[in-house]
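This is query_9.cif (mmCIF, C-alpha atoms).
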data_run
#
loop_
_atom_site.label_atom_id
_atom_site.label_comp_id
_atom_site.auth_asym_id
_atom_site.auth_seq_id
_atom_site.Cartn_x
_atom_site.Cartn_y
_atom_site.Cartn_z
CA MET A 1 81.57 -124.73 36.69
CA ASP A 2 81.84 -122.22 33.84
CA ILE A 3 85.19 -120.40 34.10
CA GLU A 4 85.96 -117.63 31.61
CA PRO A 5 89.59 -118.04 30.38
CA ASN A 6 89.90 -114.26 29.94
CA ASP A 7 89.32 -113.83 33.66
CA LEU A 8 92.21 -116.18 34.40
CA VAL A 9 94.38 -114.10 32.08
CA LEU A 10 93.23 -110.98 33.92
CA PHE A 11 94.13 -112.53 37.28
CA ALA A 12 97.62 -113.38 36.00
CA ARG A 13 98.07 -109.81 34.74
CA ILE A 14 97.06 -108.31 38.12
CA VAL A 15 99.59 -110.46 39.98
CA GLU A 16 102.25 -109.67 37.37
CA VAL A 17 101.94 -105.87 37.66
CA GLY A 18 100.92 -105.80 41.33
CA SER A 19 97.77 -103.69 41.18
CA PHE A 20 94.29 -103.48 39.70
CA SER A 21 94.98 -100.01 38.27
CA LYS A 22 98.09 -101.03 36.33
CA ALA A 23 96.43 -104.21 35.12
CA ALA A 24 93.43 -102.18 33.93
CA GLN A 25 95.75 -99.88 31.95
CA ARG A 26 97.53 -102.85 30.39
CA VAL A 27 94.37 -104.59 29.21
CA GLU A 28 92.67 -101.27 28.36
CA LEU A 29 89.65 -101.80 30.59
CA PRO A 30 88.17 -99.61 33.34
CA LYS A 31 89.48 -100.45 36.82
CA SER A 32 85.89 -101.06 37.97
CA THR A 33 85.44 -103.69 35.25
CA VAL A 34 88.67 -105.45 36.23
CA SER A 35 87.64 -105.49 39.90
CA ARG A 36 84.15 -106.76 39.10
CA ARG A 37 85.44 -109.59 36.89
CA ILE A 38 87.88 -110.80 39.54
CA SER A 39 85.10 -110.70 42.14
CA LEU A 40 82.88 -112.79 39.85
CA LEU A 41 85.73 -115.25 39.27
CA GLU A 42 86.23 -115.62 43.01
CA ALA A 43 82.49 -116.15 43.46
CA ARG A 44 82.49 -118.92 40.84
CA LEU A 45 85.51 -120.58 42.44
CA GLY A 46 84.15 -120.18 45.96
CA GLU A 47 87.39 -118.78 47.39
CA ARG A 48 89.35 -115.55 47.41
CA LEU A 49 92.33 -115.21 45.08
CA LEU A 50 93.60 -111.88 46.36
CA GLN A 51 93.56 -110.09 49.69
CA ARG A 52 93.08 -106.39 48.98
CA THR A 53 94.53 -103.71 51.24
CA THR A 54 95.04 -100.00 50.73
CA ARG A 55 98.77 -100.52 50.20
CA LYS A 56 99.19 -103.80 48.34
CA LEU A 57 97.68 -107.00 47.05
CA VAL A 58 98.42 -110.34 48.65
CA VAL A 59 97.87 -113.57 46.78
CA THR A 60 96.00 -116.12 48.87
CA GLU A 61 97.11 -119.73 49.21
CA PHE A 62 94.36 -120.80 46.82
CA GLY A 63 95.28 -117.94 44.49
CA ALA A 64 98.91 -119.10 44.43
CA SER A 65 97.84 -122.63 43.47
CA LEU A 66 95.69 -121.24 40.67
CA LEU A 67 98.29 -118.75 39.46
CA GLU A 68 100.41 -121.28 37.56
CA HIS A 69 97.37 -122.37 35.53
CA ALA A 70 96.38 -118.74 34.90
CA ARG A 71 99.87 -117.92 33.66
CA LYS A 72 99.76 -120.86 31.23
CA VAL A 73 96.45 -119.61 29.85
CA ALA A 74 97.96 -116.10 29.50
CA GLU A 75 100.98 -117.54 27.67
CA GLU A 76 98.72 -119.45 25.26
CA VAL A 77 96.69 -116.31 24.59
CA GLU A 78 99.89 -114.35 23.89
CA ALA A 79 101.10 -117.11 21.55
CA VAL A 80 97.83 -117.06 19.63
CA ASP A 81 97.94 -113.27 19.44
CA ALA A 82 101.53 -113.36 18.18
CA LEU A 83 100.60 -115.97 15.57
CA ALA A 84 97.64 -113.88 14.42
CA GLN A 85 99.76 -110.72 14.19
CA HIS A 86 102.43 -112.59 12.23
CA ARG A 87 99.86 -113.99 9.81
CA GLN A 88 98.38 -110.53 9.34
CA ALA A 89 101.83 -109.08 8.65
CA ALA A 90 103.16 -111.99 6.58
CA PRO A 91 100.59 -114.17 4.76
CA SER A 92 101.26 -117.86 5.31
CA GLY A 93 99.59 -121.26 5.32
CA LYS A 94 97.50 -122.98 2.64
CA LEU A 95 95.06 -121.00 0.49
CA ARG A 96 92.32 -123.08 -1.16
CA VAL A 97 90.68 -121.50 -4.22
CA SER A 98 87.94 -122.84 -6.49
CA LEU A 99 87.67 -121.28 -9.95
CA PRO A 100 86.57 -122.11 -13.51
CA GLY A 101 89.28 -123.68 -15.66
CA ASP A 102 88.91 -121.08 -18.45
CA PHE A 103 89.29 -118.19 -16.05
CA ALA A 104 92.30 -119.81 -14.38
CA ASN A 105 94.14 -120.64 -17.62
CA LEU A 106 93.75 -117.26 -19.29
CA GLY A 107 92.78 -114.70 -16.68
CA MET A 108 94.63 -115.86 -13.59
CA VAL A 109 98.05 -117.15 -14.65
CA GLU A 110 99.79 -113.84 -13.99
CA VAL A 111 97.88 -113.28 -10.74
CA ILE A 112 98.81 -116.72 -9.42
CA SER A 113 102.45 -116.35 -10.46
CA ARG A 114 102.73 -112.91 -8.86
CA TYR A 115 101.05 -114.13 -5.68
CA LEU A 116 103.45 -117.08 -5.33
CA GLU A 117 106.38 -114.73 -5.89
CA ARG A 118 105.24 -112.17 -3.32
CA TYR A 119 104.21 -114.58 -0.58
CA PRO A 120 106.65 -117.48 -0.36
CA GLU A 121 105.14 -118.76 2.90
CA VAL A 122 101.77 -119.48 1.26
CA THR A 123 100.94 -122.68 -0.63
CA LEU A 124 98.11 -122.57 -3.16
CA GLU A 125 95.59 -125.32 -3.81
CA LEU A 126 93.43 -124.70 -6.90
CA ASP A 127 90.24 -126.61 -7.72
CA LEU A 128 89.32 -126.09 -11.39
CA SER A 129 86.20 -128.26 -11.44
CA PRO A 130 83.04 -126.58 -12.81
CA ARG A 131 80.92 -127.46 -9.77
CA ARG A 132 79.91 -124.86 -7.20
CA VAL A 133 81.79 -125.83 -4.08
CA ASP A 134 80.44 -125.31 -0.58
CA LEU A 135 83.06 -122.93 0.80
CA LEU A 136 82.26 -123.52 4.46
CA ALA A 137 81.68 -127.28 4.38
CA GLU A 138 84.67 -127.96 2.11
CA ASN A 139 86.97 -125.42 3.77
CA PHE A 140 87.68 -123.24 0.73
CA ASP A 141 88.98 -119.73 1.27
CA ILE A 142 87.83 -118.23 -2.06
CA ALA A 143 85.68 -119.28 -5.02
CA ILE A 144 85.44 -117.49 -8.37
CA ARG A 145 81.89 -117.53 -9.70
CA MET A 146 80.50 -116.10 -12.90
CA GLY A 147 77.13 -114.45 -13.37
CA ASP A 148 74.42 -113.63 -10.86
CA LEU A 149 74.94 -114.69 -7.26
CA PRO A 150 72.22 -116.16 -5.05
CA GLU A 151 71.51 -114.50 -1.72
CA ASP A 152 73.71 -116.02 1.00
CA SER A 153 74.25 -114.27 4.31
CA THR A 154 77.23 -116.51 5.13
CA LEU A 155 79.27 -115.25 2.15
CA ASN A 156 80.74 -111.97 0.95
CA ALA A 157 81.73 -111.14 -2.62
CA ARG A 158 83.97 -108.80 -4.61
CA ARG A 159 83.65 -108.11 -8.33
CA VAL A 160 86.88 -109.10 -10.07
CA SER A 161 85.95 -109.17 -13.77
CA PHE A 162 83.39 -107.85 -16.22
CA GLU A 163 83.27 -109.67 -19.55
CA ARG A 164 81.58 -108.35 -22.67
CA PHE A 165 80.23 -111.08 -24.93
CA GLY A 166 79.72 -111.08 -28.68
CA LEU A 167 79.52 -113.40 -31.69
CA TYR A 168 82.60 -114.66 -33.55
CA ALA A 169 83.31 -116.87 -36.54
CA ALA A 170 86.30 -117.93 -38.62
CA PRO A 171 86.89 -116.39 -42.08
CA SER A 172 86.63 -119.91 -43.57
CA TYR A 173 83.13 -120.33 -42.13
CA ILE A 174 82.05 -116.90 -43.37
CA SER A 175 83.35 -117.61 -46.89
CA GLN A 176 81.21 -120.76 -47.03
CA ARG A 177 78.06 -119.66 -45.21
CA GLY A 178 78.12 -115.88 -45.47
CA LEU A 179 77.70 -113.22 -42.80
CA PRO A 180 74.34 -112.76 -41.03
CA GLU A 181 73.11 -109.20 -41.46
CA HIS A 182 70.53 -109.34 -38.69
CA PRO A 183 70.00 -111.60 -35.65
CA ASP A 184 67.02 -113.15 -37.49
CA ASP A 185 69.55 -114.65 -39.92
CA LEU A 186 71.21 -116.70 -37.14
CA VAL A 187 68.60 -119.43 -37.52
CA GLU A 188 70.29 -120.36 -40.81
CA HIS A 189 73.70 -120.86 -39.18
CA ASP A 190 75.57 -123.37 -37.03
CA LEU A 191 75.67 -121.90 -33.54
CA LEU A 192 78.13 -122.64 -30.74
CA CYS A 193 76.43 -121.61 -27.52
CA ILE A 194 77.23 -121.19 -23.84
CA LEU A 195 75.78 -123.97 -21.68
CA SER A 196 73.47 -122.65 -18.95
CA ARG A 197 73.94 -123.58 -15.31
CA ASN A 198 70.74 -125.64 -15.46
CA GLY A 199 71.63 -127.40 -18.69
CA GLY A 200 70.79 -126.51 -22.30
CA PRO A 201 71.92 -123.45 -24.24
CA VAL A 202 71.74 -119.98 -22.77
CA PRO A 203 68.92 -118.05 -24.52
CA TRP A 204 70.11 -115.75 -27.28
CA VAL A 205 69.60 -112.16 -26.16
CA LEU A 206 71.24 -109.52 -28.35
CA THR A 207 71.11 -105.79 -27.78
CA ARG A 208 71.90 -102.84 -30.02
CA GLY A 209 71.47 -99.64 -28.08
CA LYS A 210 67.93 -99.82 -26.71
CA VAL A 211 66.84 -102.51 -29.16
CA VAL A 212 66.63 -106.00 -27.66
CA TRP A 213 66.39 -109.18 -29.76
CA GLU A 214 65.66 -112.44 -27.96
CA ARG A 215 65.00 -115.90 -29.29
CA THR A 216 65.64 -119.54 -28.49
CA LEU A 217 67.77 -120.97 -31.28
CA PRO A 218 69.03 -124.55 -31.76
CA ALA A 219 72.75 -124.95 -31.09
CA ARG A 220 75.12 -127.36 -32.83
CA LEU A 221 77.30 -127.30 -29.73
CA THR A 222 76.84 -126.13 -26.16
CA ALA A 223 79.66 -125.92 -23.63
CA ASN A 224 80.34 -124.17 -20.33
CA SER A 225 83.64 -122.90 -21.70
CA PRO A 226 83.78 -119.68 -23.75
CA ASP A 227 87.45 -120.41 -24.42
CA LEU A 228 86.61 -123.79 -25.96
CA LEU A 229 83.83 -122.25 -28.06
CA ALA A 230 86.25 -119.64 -29.42
CA ARG A 231 88.82 -122.33 -30.25
CA ILE A 232 86.26 -124.49 -32.04
CA ALA A 233 84.98 -121.47 -33.96
CA CYS A 234 88.54 -120.98 -35.24
CA SER A 235 88.24 -124.33 -37.03
CA GLY A 236 85.25 -123.06 -39.01
CA ALA A 237 82.63 -125.05 -37.10
CA GLY A 238 80.17 -122.20 -36.63
CA ILE A 239 79.37 -118.88 -34.98
CA ALA A 240 80.39 -118.83 -31.32
CA ALA A 241 79.21 -116.82 -28.38
CA SER A 242 82.34 -115.82 -26.48
CA SER A 243 83.92 -112.94 -24.62
CA GLY A 244 86.59 -110.52 -25.73
CA ARG A 245 88.97 -112.08 -23.20
CA PHE A 246 88.91 -115.43 -25.01
CA ALA A 247 88.12 -114.47 -28.61
CA GLY A 248 90.28 -111.34 -28.68
CA PRO A 249 93.66 -113.07 -29.25
CA TYR A 250 92.22 -114.99 -32.22
CA VAL A 251 90.73 -111.80 -33.66
CA GLU A 252 94.16 -110.14 -33.45
CA LYS A 253 95.70 -113.06 -35.38
CA GLY A 254 92.94 -113.01 -38.02
CA GLU A 255 91.61 -116.42 -37.02
CA LEU A 256 88.24 -115.01 -35.93
CA VAL A 257 86.15 -112.02 -36.93
CA ARG A 258 83.33 -110.34 -35.06
CA VAL A 259 79.86 -111.23 -36.34
CA LEU A 260 77.03 -108.70 -36.02
CA PRO A 261 79.48 -106.29 -34.35
CA GLU A 262 76.75 -103.77 -33.50
CA TRP A 263 74.99 -106.37 -31.38
CA GLU A 264 76.14 -107.62 -27.97
CA LEU A 265 75.22 -110.55 -25.77
CA PRO A 266 74.62 -109.88 -22.04
CA PRO A 267 77.88 -109.23 -20.18
CA ASN A 268 79.09 -111.62 -17.52
CA THR A 269 80.45 -110.56 -14.14
CA GLY A 270 83.06 -112.56 -12.27
CA TRP A 271 82.88 -112.57 -8.48
CA ALA A 272 85.35 -113.61 -5.81
CA VAL A 273 83.22 -115.19 -3.10
CA PHE A 274 84.54 -115.86 0.40
CA PRO A 275 83.15 -116.72 3.85
CA GLY A 276 81.65 -113.69 5.55
CA ARG A 277 83.84 -113.75 8.62
CA ARG A 278 84.66 -110.54 10.49
CA LEU A 279 88.38 -111.33 10.56
CA MET A 280 89.94 -112.29 7.24
CA ALA A 281 93.24 -114.14 7.09
CA ALA A 282 96.11 -112.17 5.57
CA LYS A 283 96.65 -114.85 2.88
CA THR A 284 93.04 -114.41 1.71
CA ARG A 285 93.09 -110.61 1.79
CA ALA A 286 96.37 -110.48 -0.14
CA PHE A 287 95.01 -112.78 -2.86
CA LEU A 288 91.77 -110.83 -3.21
CA ASP A 289 93.55 -107.49 -3.38
CA LEU A 290 96.05 -108.70 -5.98
CA MET A 291 93.38 -110.36 -8.11
CA GLU A 292 91.15 -107.30 -8.02
CA GLU A 293 94.06 -105.01 -8.88
CA MET A 294 95.40 -107.06 -11.80
CA CYS A 295 92.05 -108.11 -13.28
CA CYS A 296 90.79 -104.52 -13.24
CA SER A 297 94.01 -103.32 -14.92
CA GLU A 298 93.59 -105.96 -17.62
CA ALA A 299 89.96 -104.98 -18.18
CA ARG A 300 90.99 -101.34 -18.63
CA ARG A 301 93.64 -102.37 -21.18
CA ARG A 302 91.08 -104.35 -23.18
CA GLU A 303 88.63 -101.45 -23.11
CA ALA A 304 91.32 -99.06 -24.38
CA ALA A 305 92.43 -101.45 -27.16
#

Target format structure tokens, applied to this file:
Amino acid sequence: MDIEPNDLVLFARIVEVGSFSKAAQRVELPKSTVSRRISLLEARLGERLLQRTTRKLVVTEFGASLLEHARKVAEEVEAVDALAQHRQAAPSGKLRVSLPGDFANLGMVEVISRYLERYPEVTLELDLSPRRVDLLAENFDIAIRMGDLPEDSTLNARRVSFERFGLYAAPSYISQRGLPEHPDDLVEHDLLCILSRNGGPVPWVLTRGKVVWERTLPARLTANSPDLLARIACSGAGIAASSGRFAGPYVEKGELVRVLPEWELPPNTGWAVFPGRRLMAAKTRAFLDLMEEMCCSEARRREAA
């Protein structure tokens, strides 16, 4: 027998308020719908729950025996609704986030600190491994992913960062090896390159206005960490491909200089990816909103600098 719990809740509401009309108003359904659903419930059960007269409703003996169970179902539904409303009003619970270590250490420290301060009832669990987690199978709430996203109907995404990439080297390296004047000159230099998702260095594609220069060049070092490449470039090891977010602080301190400043590598977009559910938990929404707000503000500051 397939009994719809909502119909039991409806039955409890009718008995509580004493009429179909008042119950219909309370649950915001047409009276005809309420009457039809109770009739279907009675048909499934094989017995009447209510005797209907023009003046009042009378609960049958069978209806009285079922009423206690219906009230318990109604109480559980109310408890779930109250819990959901509370979680929407006050984020709570555990939030599991997967994100690249570089992005977490430099771009997310303030976001994470602010989030913990604002929402004391939430605990954060951060996975900084470089692998692409399966959000649904591994029960993650959010994952930060860089670059192009594959099509996936089970996931939604928000853009949270936009990184411009360029070439950087230490003054000590430049004094020994000289500055390249054109991308063709890079073949004569030690190159520190971003590791592609499939392994091997990312192809070198440089643009200057509408001019595009592309070539596969050997790299002395490849790594999936633009922060690490910028740090190693500071030691004079070579010319690094990195973003302004990671190389910028070293440029300000004079530890790195921009190489071929008129040329840029392809930008990289950071995405917050999350399960495409219709109802999003308050803890997830609050984190996404704060991250989007603070990362966009930081990007505007870097553009203005």

Using the chain letters and numbering of this document, enumerate as a list in words the residues selected by the PyMOL selection byres ((chain A and resi 136-138) around 9).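 So the PyMOL selection byres ((chain A and resi 136-138) around 9) ends up selecting Val133, Asp134, Leu135, Asn139, Phe140, Asp141, Thr154, Phe274 and Pro275 of chain A.
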
Report as a compact mmCIF listing (two decimals) with C-alpha atoms, in the coordinates of the input the full result of the PyMOL selection byres ((chain A and resi 261-264) around 7) when it is applied to this structure.
# COMPACT_ATOMS: atom_id res chain seq x y z
CA PHE A 165 80.23 -111.08 -24.93
CA GLY A 166 79.72 -111.08 -28.68
CA LEU A 206 71.24 -109.52 -28.35
CA THR A 207 71.11 -105.79 -27.78
CA ARG A 208 71.90 -102.84 -30.02
CA ARG A 258 83.33 -110.34 -35.06
CA VAL A 259 79.86 -111.23 -36.34
CA LEU A 260 77.03 -108.70 -36.02
CA LEU A 265 75.22 -110.55 -25.77
CA PRO A 266 74.62 -109.88 -22.04

May I have the residues within 10 Å of Pro201 in chain A as a list in words, using all atoms listed in the file and disregarding those fewer than 6 positions away in the same chain?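 Near Pro201 in chain A, the qualifying residues are Leu192, Cys193, Ile194, Leu195, Thr216, Leu217, Pro218, Ala219, Arg220, Leu221, Thr222, Ala223 and Asn224 of chain A.
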
For Arg159 in chain A, work out the shell of residues within 12 Å, counting all atoms listed in the file and skipping chain neighbours fewer than 6 positions away, then give it as a PDB file with C-alpha atoms, keeping the file's coordinate frame.
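Below is the file around39.pdb, written as the result:
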ATOM      1  CA  ALA A 143      85.680-119.280  -5.020  1.00  0.00           C
ATOM      2  CA  ILE A 144      85.440-117.490  -8.370  1.00  0.00           C
ATOM      3  CA  ARG A 145      81.890-117.530  -9.700  1.00  0.00           C
ATOM      4  CA  MET A 146      80.500-116.100 -12.900  1.00  0.00           C
ATOM      5  CA  GLY A 147      77.130-114.450 -13.370  1.00  0.00           C
ATOM      6  CA  ASP A 148      74.420-113.630 -10.860  1.00  0.00           C
ATOM      7  CA  LEU A 149      74.940-114.690  -7.260  1.00  0.00           C
ATOM      8  CA  ASN A 268      79.090-111.620 -17.520  1.00  0.00           C
ATOM      9  CA  THR A 269      80.450-110.560 -14.140  1.00  0.00           C
ATOM     10  CA  GLY A 270      83.060-112.560 -12.270  1.00  0.00           C
ATOM     11  CA  TRP A 271      82.880-112.570  -8.480  1.00  0.00           C
ATOM     12  CA  ALA A 272      85.350-113.610  -5.810  1.00  0.00           C
ATOM     13  CA  VAL A 273      83.220-115.190  -3.100  1.00  0.00           C
ATOM     14  CA  PHE A 274      84.540-115.860   0.400  1.00  0.00           C
ATOM     15  CA  LEU A 288      91.770-110.830  -3.210  1.00  0.00           C
ATOM     16  CA  ASP A 289      93.550-107.490  -3.380  1.00  0.00           C
ATOM     17  CA  MET A 291      93.380-110.360  -8.110  1.00  0.00           C
ATOM     18  CA  GLU A 292      91.150-107.300  -8.020  1.00  0.00           C
ATOM     19  CA  GLU A 293      94.060-105.010  -8.880  1.00  0.00           C
ATOM     20  CA  CYS A 295      92.050-108.110 -13.280  1.00  0.00           C
ATOM     21  CA  CYS A 296      90.790-104.520 -13.240  1.00  0.00           C
TER      22      CYS A 296
END

Starting from the displayed file, determine the output of the PyMOL selection byres ((chain A and resi 93) around 8) and express the residue list as a ChimeraX atom specification. /A:91-92,94-95,121-123,283

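Nearest to Val34 in chain A of all the residues A:Arg13, A:Arg158, A:Arg48, A:Arg245 is A:Arg13, based on only C-alpha atoms.
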
For range 125-127 of chain A, list every protein, DNA or RNA residue within 6 Å, evaluated using all atoms listed in the file, and leave out those in the same chain fewer than 4 positions away; present the list as a PyMOL selection string. chain A and resi 96-98

So that I can check the surroundings of Pro249 in chain A, please list as a list in words every protein, DNA and RNA residue that reaches within 12 Å of it, counting all atoms listed in the file and ignoring chain neighbours fewer than 2 positions away.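 So the residues in contact are Leu106, Tyr168, Asp227, Ala230, Arg231, Cys234, Ser242, Ser243, Gly244, Arg245, Phe246, Ala247, Val251, Glu252, Lys253, Gly254, Glu255, Leu256, Val257, Arg302 and Ala305 of chain A.
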
With all atoms listed in the file as the atoms that count, which of A:Leu40, A:Ala89, A:Met108, A:Ala169 lies nearest to Ala286 in chain A? A:Ala89

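Taking CA of Leu290 in chain A and CA of Asn156 in chain A as endpoints, the distance between them is 17.1 Å.
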
Which residues, protein or nucleic acid, reach to within 9 Å of (84.7, -128.8, -13.0) in the file's coordinates when using all atoms listed in the file, and can you give that as a PDB file with C-alpha atoms, keeping the file's coordinate frame?
ATOM      1  CA  LEU A  99      87.670-121.280  -9.950  1.00  0.00           C
ATOM      2  CA  PRO A 100      86.570-122.110 -13.510  1.00  0.00           C
ATOM      3  CA  GLY A 101      89.280-123.680 -15.660  1.00  0.00           C
ATOM      4  CA  ASP A 127      90.240-126.610  -7.720  1.00  0.00           C
ATOM      5  CA  LEU A 128      89.320-126.090 -11.390  1.00  0.00           C
ATOM      6  CA  SER A 129      86.200-128.260 -11.440  1.00  0.00           C
ATOM      7  CA  PRO A 130      83.040-126.580 -12.810  1.00  0.00           C
ATOM      8  CA  ARG A 131      80.920-127.460  -9.770  1.00  0.00           C
ATOM      9  CA  ARG A 132      79.910-124.860  -7.200  1.00  0.00           C
TER      10      ARG A 132
END

Who sits within 9 Å of range 50-58 of chain A, all atoms listed in the file, same chain under 4 positions skipped, as a ChimeraX atom specification: /A:15,18-20,38,42,62-63

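Our summary of the geometry notes that CA of Ala240 in chain A is positioned 9.6 Å from CA of Leu228 in chain A.
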